[in-house]
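What follows is a single structure, written as structure tokens, with notes after it.
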Amino acid sequence: MTTLAQFLASVVEADPDAAATVDVVDDRLVTTSRRELADRVAALSAELKTVGVTEGDCIAVMLPNWSDTIVWQFAAASLGAHVIGVNTRYNTREVAHILDSAAPSVVAVAERFHGLDLFATLSAALTGPAPAVAVVGGPDATTTDPDPVQFDLGGGAWNAESGNTGSVRVPVTPDMAALTVAGMAHDRGDPLTVAFTTSGSTGTPKLAAHREGAVVAHALADASATNITDGDVVLCVLPVSGVFGFNTAMAGLAGGATLFMEPVFDAFATLARMETLRVTHIVGGDDLYGRLHDQWQTSGGDLSSLKLLGIADFLGRTTEIATWARDEFGAVTTGVFGSSEVFSLMLLWHSDDSEKLRWTGGGRPVATAIEVRIADPFDDSVLRDGQQGEIQVRGPNVVDAYLGNAEAAAAAFTTDGWFRSGDLGTATGDGGFSYVCRMGDVLRLRGFLVDPAEIEQRLAEHPAVALSKVVGITGDGGYTRAVAFVVPIEGSEVDALSLKDWCASALASFKVPSAVHFIDSMPTTVGGNGTKIRAVELREWARQWTDYERDFRA
């Protein structure tokens, strides 16, 4: 097993003076070399050791995309502690869930960021034992020296990377070892090192934790699969607190690239900095790419340095984005697959795969140790190539523990040890696996399993449609009805009957939506991995409007 300390040492040894990170500070670009990054890690590690952090402790990192987030990860790992990232956009309830489940002994919180009072959110969320608080001023913080007493929740506080830990001592948390790894074997030679909040799409969000050796091995595999090499620049705009942003950053370091840490995403400013820094690799959802694409249409910019776009389709814009990147910059786009529990960038398509395949979700495992199968979700029997079933995973990348929720493991795995992803997919027969949709989103229409994206794609091809989403509800007789929601292009004229006819001209009759509703904008939620349409809210609208129409007819 390679530790994170060994991993960082190898990165520094390869070229100590090469840029490791570039931060945005008051519209200035501040570069940290690999040697400087390692020095910061060593200084913070010494501070954490002084306040009493030890193996098995949890550290909550409530920071934006600063180089500090990378420093905290490596410093925690050097002591055998693990990090749980806390998205700066999380509300009080979400932060409280993390504090209650992970029971961190230390919380790193930004002194100030983008007008947000993160400490106020942290304070309001605390219901249990008070952790020690490390106040983080941010990259190149030279303007203030805050009084840490103002940030003391009862467990002490200090200014991080100052050396002034004073009398701060990490509070003792109840039965920490049992809390973090109960129900799963604990290998003391390979401790937990990072945890991510799951999407919660199938229930209460869980905190999926992974071991140090798996993080390093996956970073190296991702760097190889995405062809990241010395001199490349990786855009880190998705929160490093989430699995998507974390795996992208770690892959960048593993490949020898510079991490461009973008803490606040503004399409115009980010495009300008991408051009200046000659960004080569981006990973994100089509919501992120869509905003860059739309801004570029107005302001332009030289993005000819782009080599690879890894994309997750949340809003149905992948084909549009991939075509733009290919035609304008010669960049290769690949769909991706992964999750908090199996790492993101677990599956990627190869550059020689056809665009029709490559521009869809899924791919081939980035490492031979990662095993994937398509199984019947009812009896876990393996299905033939081309048959739709649950994507199940086995390997070192699979979740090692659920913080504060040992019972979750029982439902997460099959009896023969495969992780249940909850995603519907197919095997291509040549080592690849295509993602279809979340199993909870699939529609059973007239006895056939139908991916709603197939209907959405047809609707999106209509010249009057800007965005579409299809959900299923139970109709009369207990049968599933497909209901479409459409955001029309401003100034266009189209009606529901016309869109139904449009679908009927290219789709089987049972795939034509039974109803089409026009709305001004889609309800969305912002998480650690991007902006997603809230299908659950659309389903509720569909049910309400169906009931209203039924009552009206009566």
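Numbering starts fresh at 1 for the residues of each chain in the structure tokens, the chains themselves are lettered A, B, ... in the order given, and ligands are numbered from 1 as they appear.
All residues of protein, DNA or RNA that reach within 8 Å of Arg373 of chain A, judged by only C-alpha atoms and not counting those fewer than 3 positions away in the chain, are A:Val382, A:Ile391, A:Gln392, A:Val393, A:Ala427.
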Writing out the chosen residues with C-alpha atoms as an mmCIF file, in the first residue's frame:
data_model
loop_
_atom_site.group_PDB
_atom_site.id
_atom_site.type_symbol
_atom_site.label_atom_id
_atom_site.label_comp_id
_atom_site.auth_asym_id
_atom_site.auth_seq_id
_atom_site.Cartn_x
_atom_site.Cartn_y
_atom_site.Cartn_z
ATOM 1 C CA VAL A 382 -25.765 -11.994 -13.629
ATOM 2 C CA ILE A 391 -24.608 -1.996 -11.984
ATOM 3 C CA GLN A 392 -22.819 -3.828 -9.180
ATOM 4 C CA VAL A 393 -19.187 -3.242 -8.210
ATOM 5 C CA ALA A 427 -22.750 -4.502 -20.419
#
DSSP on the backbone, then: every residue of segment 397-509 of chain A marked strand (DSSP E), written as a VMD selection string. chain A and resid 401 to 402 419 to 427 433 to 438 443 to 445 448 to 450 465 to 474 480 to 488
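Proximity to Thr31 of chain A was assessed for A:Ser67, A:Asn159, A:Thr3, A:Thr193 counting only C-alpha atoms; the smallest distance is recorded for A:Ser67.
For Leu122 of chain A, the set of protein, DNA and RNA residues having any atom at most 8 Å away, when counting only C-alpha atoms and skipping those fewer than 2 positions along the same chain, is Thr92, Val95, Ala96, Leu118, Phe119, Ala120, Ala124, Ala125 and Leu126 of chain A.
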Generate the output file for the selected residues, N, CA and C atoms, as a PDB file, in the first residue's frame.
ATOM      1  N   THR A  92     -28.005  24.378   7.578  1.00  0.00           N
ATOM      2  CA  THR A  92     -27.794  23.955   8.958  1.00  0.00           C
ATOM      3  C   THR A  92     -28.147  22.491   9.165  1.00  0.00           C
ATOM      4  N   VAL A  95     -25.403  20.243   7.646  1.00  0.00           N
ATOM      5  CA  VAL A  95     -24.185  20.261   8.455  1.00  0.00           C
ATOM      6  C   VAL A  95     -24.399  19.491   9.754  1.00  0.00           C
ATOM      7  N   ALA A  96     -25.564  19.638  10.351  1.00  0.00           N
ATOM      8  CA  ALA A  96     -25.866  18.917  11.597  1.00  0.00           C
ATOM      9  C   ALA A  96     -25.802  17.413  11.388  1.00  0.00           C
ATOM     10  N   LEU A 118     -19.936  31.054   7.537  1.00  0.00           N
ATOM     11  CA  LEU A 118     -19.897  29.598   7.699  1.00  0.00           C
ATOM     12  C   LEU A 118     -19.862  29.209   9.174  1.00  0.00           C
ATOM     13  N   PHE A 119     -19.211  30.033   9.990  1.00  0.00           N
ATOM     14  CA  PHE A 119     -19.156  29.708  11.410  1.00  0.00           C
ATOM     15  C   PHE A 119     -20.541  29.766  12.038  1.00  0.00           C
ATOM     16  N   ALA A 120     -21.375  30.698  11.599  1.00  0.00           N
ATOM     17  CA  ALA A 120     -22.738  30.787  12.126  1.00  0.00           C
ATOM     18  C   ALA A 120     -23.523  29.516  11.792  1.00  0.00           C
ATOM     19  N   ALA A 124     -24.892  26.895  14.613  1.00  0.00           N
ATOM     20  CA  ALA A 124     -26.312  26.546  14.699  1.00  0.00           C
ATOM     21  C   ALA A 124     -26.539  25.052  14.522  1.00  0.00           C
ATOM     22  N   ALA A 125     -25.620  24.394  13.821  1.00  0.00           N
ATOM     23  CA  ALA A 125     -25.797  22.966  13.528  1.00  0.00           C
ATOM     24  C   ALA A 125     -25.341  22.065  14.672  1.00  0.00           C
ATOM     25  N   LEU A 126     -24.522  22.581  15.564  1.00  0.00           N
ATOM     26  CA  LEU A 126     -23.929  21.749  16.606  1.00  0.00           C
ATOM     27  C   LEU A 126     -24.949  21.381  17.677  1.00  0.00           C
TER      28      LEU A 126
END
For a test of reading the model, state the distance in Å between atom CA of Asp68 of chain A and atom CA of Ser339 of chain A, rounded to one decimal. 23.9 Å
Determine, counting only C-alpha atoms, which protein, DNA and RNA residues have an atom within 10 Å of an atom of Val106 of chain A; residues of the same chain fewer than 4 positions away are not included. Present the result as a PDB file with C-alpha atoms, in the first residue's frame.
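Saved the output as out.pdb:
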ATOM      1  CA  LEU A  48      -2.849  18.781  14.552  1.00  0.00           C
ATOM      2  CA  VAL A  51      -3.747  19.575  19.699  1.00  0.00           C
ATOM      3  CA  GLY A  52      -4.103  15.805  20.048  1.00  0.00           C
ATOM      4  CA  VAL A  53      -5.355  14.495  16.713  1.00  0.00           C
ATOM      5  CA  ASP A  57     -10.065  10.799  14.523  1.00  0.00           C
ATOM      6  CA  CYS A  58     -12.332  12.593  12.077  1.00  0.00           C
ATOM      7  CA  ILE A  59     -11.689  16.118  10.820  1.00  0.00           C
ATOM      8  CA  ALA A  60     -14.499  18.081   9.157  1.00  0.00           C
ATOM      9  CA  VAL A  61     -13.191  20.455   6.465  1.00  0.00           C
ATOM     10  CA  VAL A  83     -11.495  13.958   6.516  1.00  0.00           C
ATOM     11  CA  ALA A 130     -18.074  20.616  20.724  1.00  0.00           C
ATOM     12  CA  PRO A 131     -15.114  20.006  18.413  1.00  0.00           C
ATOM     13  CA  ALA A 132     -12.003  22.129  18.352  1.00  0.00           C
ATOM     14  CA  VAL A 133     -12.202  24.764  15.614  1.00  0.00           C
ATOM     15  CA  ALA A 134      -9.351  25.639  13.276  1.00  0.00           C
ATOM     16  CA  GLY A 155     -13.702  22.782  22.390  1.00  0.00           C
ATOM     17  CA  GLY A 156     -11.108  25.503  21.815  1.00  0.00           C
ATOM     18  CA  ALA A 157     -10.049  27.295  18.625  1.00  0.00           C
ATOM     19  CA  ARG A 169      -6.820  20.127  23.027  1.00  0.00           C
ATOM     20  CA  VAL A 170      -8.990  17.827  20.941  1.00  0.00           C
ATOM     21  CA  PRO A 171     -12.090  16.835  22.915  1.00  0.00           C
TER      22      PRO A 171
END
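Shortest atom-to-atom contact with Gln387 of chain A among A:Met62, A:Ala322, A:Ala375, A:Ala219: A:Ala375, counting only C-alpha atoms.
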So that I can see what lies close to segment 34-47 of chain A, please list as a ChimeraX atom specification the residues with an atom at most 7 Å from it, counting only C-alpha atoms and leaving out residues fewer than 4 positions away in the same chain. /A:12,16-20,51,71,74-76,78,161,163,165
Keeping N, CA and C atoms for every residue in the selection just given, could you write it to a file as an mmCIF file, in the first residue's frame?
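Everything below was put into out-v4.cif:
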data_model
loop_
_atom_site.group_PDB
_atom_site.id
_atom_site.type_symbol
_atom_site.label_atom_id
_atom_site.label_comp_id
_atom_site.auth_asym_id
_atom_site.auth_seq_id
_atom_site.Cartn_x
_atom_site.Cartn_y
_atom_site.Cartn_z
ATOM 1 N N VAL A 12 6.530 15.601 -5.098
ATOM 2 C CA VAL A 12 7.506 16.662 -4.841
ATOM 3 C C VAL A 12 8.864 16.298 -5.423
ATOM 4 N N PRO A 16 10.315 19.562 -7.513
ATOM 5 C CA PRO A 16 9.918 20.347 -6.330
ATOM 6 C C PRO A 16 9.398 21.742 -6.655
ATOM 7 N N ASP A 17 9.931 22.345 -7.711
ATOM 8 C CA ASP A 17 9.576 23.733 -7.998
ATOM 9 C C ASP A 17 8.389 23.881 -8.944
ATOM 10 N N ALA A 18 7.873 22.767 -9.455
ATOM 11 C CA ALA A 18 6.708 22.835 -10.341
ATOM 12 C C ALA A 18 5.492 23.311 -9.565
ATOM 13 N N ALA A 19 4.583 23.973 -10.252
ATOM 14 C CA ALA A 19 3.368 24.478 -9.597
ATOM 15 C C ALA A 19 2.451 23.318 -9.220
ATOM 16 N N ALA A 20 2.061 23.266 -7.960
ATOM 17 C CA ALA A 20 1.111 22.245 -7.508
ATOM 18 C C ALA A 20 -0.312 22.769 -7.599
ATOM 19 N N VAL A 51 -2.435 19.456 19.046
ATOM 20 C CA VAL A 51 -3.747 19.575 19.699
ATOM 21 C C VAL A 51 -4.337 18.214 20.042
ATOM 22 N N VAL A 71 -4.188 20.658 1.468
ATOM 23 C CA VAL A 71 -3.275 20.607 2.612
ATOM 24 C C VAL A 71 -3.909 19.846 3.770
ATOM 25 N N PHE A 74 -3.948 15.922 3.232
ATOM 26 C CA PHE A 74 -2.667 15.251 3.431
ATOM 27 C C PHE A 74 -2.211 15.321 4.886
ATOM 28 N N ALA A 75 -2.477 16.437 5.552
ATOM 29 C CA ALA A 75 -2.064 16.568 6.951
ATOM 30 C C ALA A 75 -2.832 15.602 7.846
ATOM 31 N N ALA A 76 -4.133 15.484 7.615
ATOM 32 C CA ALA A 76 -4.940 14.552 8.407
ATOM 33 C C ALA A 76 -4.446 13.121 8.210
ATOM 34 N N SER A 78 -1.565 12.067 7.420
ATOM 35 C CA SER A 78 -0.246 11.818 8.009
ATOM 36 C C SER A 78 -0.341 11.344 9.456
ATOM 37 N N GLU A 161 -2.381 26.892 10.611
ATOM 38 C CA GLU A 161 -1.093 27.165 9.973
ATOM 39 C C GLU A 161 -0.410 28.401 10.561
ATOM 40 N N GLY A 163 0.768 28.019 13.971
ATOM 41 C CA GLY A 163 1.624 27.456 15.007
ATOM 42 C C GLY A 163 1.171 27.797 16.408
ATOM 43 N N THR A 165 -1.258 27.085 18.668
ATOM 44 C CA THR A 165 -2.369 26.240 19.110
ATOM 45 C C THR A 165 -2.764 26.517 20.545
#
According to DSSP computed on the backbone, where in segment 266-382 of chain A is there alpha helix (DSSP H)? Give the residues as a PyMOL selection string. chain A and resi 267-277+286-299+318-329+355-358
Which residues, written as a tab-separated table (two decimals) with N, CA and C atoms, in the first residue's frame, have at least one atom at most 9 Å from Ala214 of chain A, with only C-alpha atoms counted and residues fewer than 3 positions away on the same chain left out?
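out_37.tsv was written with the following content:
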chain	number	residue	atom	x	y	z
A	1	MET	N	0.83	-1.20	0.00
A	1	MET	CA	0.00	0.00	0.00
A	1	MET	C	0.86	1.25	0.00
A	2	THR	N	0.54	2.21	-0.84
A	2	THR	CA	1.21	3.51	-0.85
A	2	THR	C	0.39	4.48	-0.03
A	190	ASP	N	-4.07	0.33	7.08
A	190	ASP	CA	-4.64	1.11	5.98
A	190	ASP	C	-5.88	1.83	6.50
A	210	HIS	N	-13.53	5.95	2.71
A	210	HIS	CA	-12.60	5.13	1.95
A	210	HIS	C	-11.23	5.12	2.62
A	211	ARG	N	-10.47	4.07	2.36
A	211	ARG	CA	-9.15	3.90	2.95
A	211	ARG	C	-8.06	4.59	2.12
A	217	ALA	N	-4.31	4.59	-5.03
A	217	ALA	CA	-4.37	3.72	-6.20
A	217	ALA	C	-5.33	4.26	-7.25
A	218	HIS	N	-6.47	4.80	-6.79
A	218	HIS	CA	-7.46	5.32	-7.73
A	218	HIS	C	-6.96	6.60	-8.39
A	219	ALA	N	-6.24	7.43	-7.65
A	219	ALA	CA	-5.69	8.66	-8.23
A	219	ALA	C	-4.73	8.32	-9.37
A	396	PRO	N	-11.21	-2.48	-4.64
A	396	PRO	CA	-10.66	-1.62	-3.58
A	396	PRO	C	-11.28	-0.23	-3.55
A	397	ASN	N	-11.96	0.17	-4.62
A	397	ASN	CA	-12.58	1.49	-4.68
A	397	ASN	C	-13.93	1.55	-3.97
A	398	VAL	N	-14.44	0.41	-3.55
A	398	VAL	CA	-15.78	0.35	-2.93
A	398	VAL	C	-15.71	0.83	-1.49
Selection near Leu63 of chain A, 10 Å with only C-alpha atoms, sequence-local residues under 4 positions removed, as a PyMOL selection string: chain A and resi 67-69+72+85-88+107-113+118+136-138+239-241+263
Would you export the selected residues with N, CA and C atoms as a CSV table (one decimal), in the first residue's frame, please?
chain,number,residue,atom,x,y,z
A,67,SER,N,-6.4,25.8,-2.0
A,67,SER,CA,-5.3,24.8,-1.8
A,67,SER,C,-5.3,24.3,-0.4
A,68,ASP,N,-5.9,25.1,0.5
A,68,ASP,CA,-6.0,24.6,1.9
A,68,ASP,C,-6.7,23.3,2.0
A,69,THR,N,-7.7,23.0,1.2
A,69,THR,CA,-8.4,21.7,1.2
A,69,THR,C,-7.5,20.6,1.0
A,72,TRP,N,-5.2,20.1,4.1
A,72,TRP,CA,-5.8,19.5,5.2
A,72,TRP,C,-6.0,18.0,5.0
A,85,GLY,N,-15.5,16.1,4.1
A,85,GLY,CA,-15.7,17.4,3.5
A,85,GLY,C,-17.1,17.9,3.7
A,86,VAL,N,-17.2,19.2,4.0
A,86,VAL,CA,-18.5,19.9,4.2
A,86,VAL,C,-18.6,21.0,3.2
A,87,ASN,N,-19.6,20.8,2.3
A,87,ASN,CA,-19.8,21.8,1.2
A,87,ASN,C,-20.2,23.1,1.9
A,88,THR,N,-19.6,24.2,1.4
A,88,THR,CA,-19.9,25.5,2.0
A,88,THR,C,-21.3,26.0,1.7
A,107,VAL,N,-12.9,20.8,13.5
A,107,VAL,CA,-13.6,21.4,12.3
A,107,VAL,C,-12.7,22.5,11.8
A,108,ALA,N,-12.3,22.4,10.5
A,108,ALA,CA,-11.6,23.5,9.8
A,108,ALA,C,-12.7,24.4,9.1
A,109,VAL,N,-12.8,25.7,9.4
A,109,VAL,CA,-13.8,26.5,8.8
A,109,VAL,C,-13.2,27.8,8.3
A,110,ALA,N,-13.6,28.2,7.2
A,110,ALA,CA,-13.1,29.5,6.6
A,110,ALA,C,-13.5,30.7,7.5
A,111,GLU,N,-12.5,31.5,7.7
A,111,GLU,CA,-12.8,32.7,8.5
A,111,GLU,C,-13.9,33.6,7.8
A,112,ARG,N,-13.7,33.7,6.5
A,112,ARG,CA,-14.7,34.4,5.7
A,112,ARG,C,-14.6,33.9,4.3
A,113,PHE,N,-15.7,33.9,3.6
A,113,PHE,CA,-15.7,33.4,2.2
A,113,PHE,C,-17.0,33.9,1.5
A,118,LEU,N,-19.9,31.1,7.5
A,118,LEU,CA,-19.9,29.6,7.7
A,118,LEU,C,-19.9,29.2,9.2
A,136,VAL,N,-9.5,29.1,9.3
A,136,VAL,CA,-8.6,29.1,8.1
A,136,VAL,C,-8.8,30.4,7.3
A,137,GLY,N,-7.7,31.2,7.2
A,137,GLY,CA,-7.8,32.5,6.5
A,137,GLY,C,-7.9,32.4,5.0
A,138,GLY,N,-7.4,31.2,4.5
A,138,GLY,CA,-7.4,31.1,3.0
A,138,GLY,C,-6.1,31.3,2.4
A,239,PRO,N,-16.6,21.3,-6.0
A,239,PRO,CA,-16.1,21.3,-4.6
A,239,PRO,C,-15.3,20.0,-4.3
A,240,VAL,N,-14.1,20.2,-3.8
A,240,VAL,CA,-13.2,19.1,-3.4
A,240,VAL,C,-13.8,18.3,-2.3
A,241,SER,N,-14.8,18.9,-1.6
A,241,SER,CA,-15.5,18.2,-0.5
A,241,SER,C,-16.4,17.1,-1.1
A,263,PRO,N,-12.6,28.8,-6.5
A,263,PRO,CA,-13.5,28.7,-5.4
A,263,PRO,C,-14.9,29.2,-5.7
Thr334 of chain A proximity check over A:Thr226, A:Met250, A:Leu292, A:Gly242, using only C-alpha atoms: winner is A:Thr226
For Asp430 of chain A, the closest of A:Ile473, A:Phe260, A:Arg534, A:Pro365 counting only C-alpha atoms is A:Pro365
Min atom-atom distance to Pro452 of chain A from the set A:Val233, A:Gly429, A:Phe485, A:Tyr479, counting only C-alpha atoms, belongs to A:Phe485
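Reported to one decimal place, the separation of atom CA of Leu277 of chain A from atom CA of Thr21 of chain A is 11.3 Å.
The two atoms in question, atom CA of Glu94 of chain A and atom CA of Gly404 of chain A, are spaced 14.7 Å apart.
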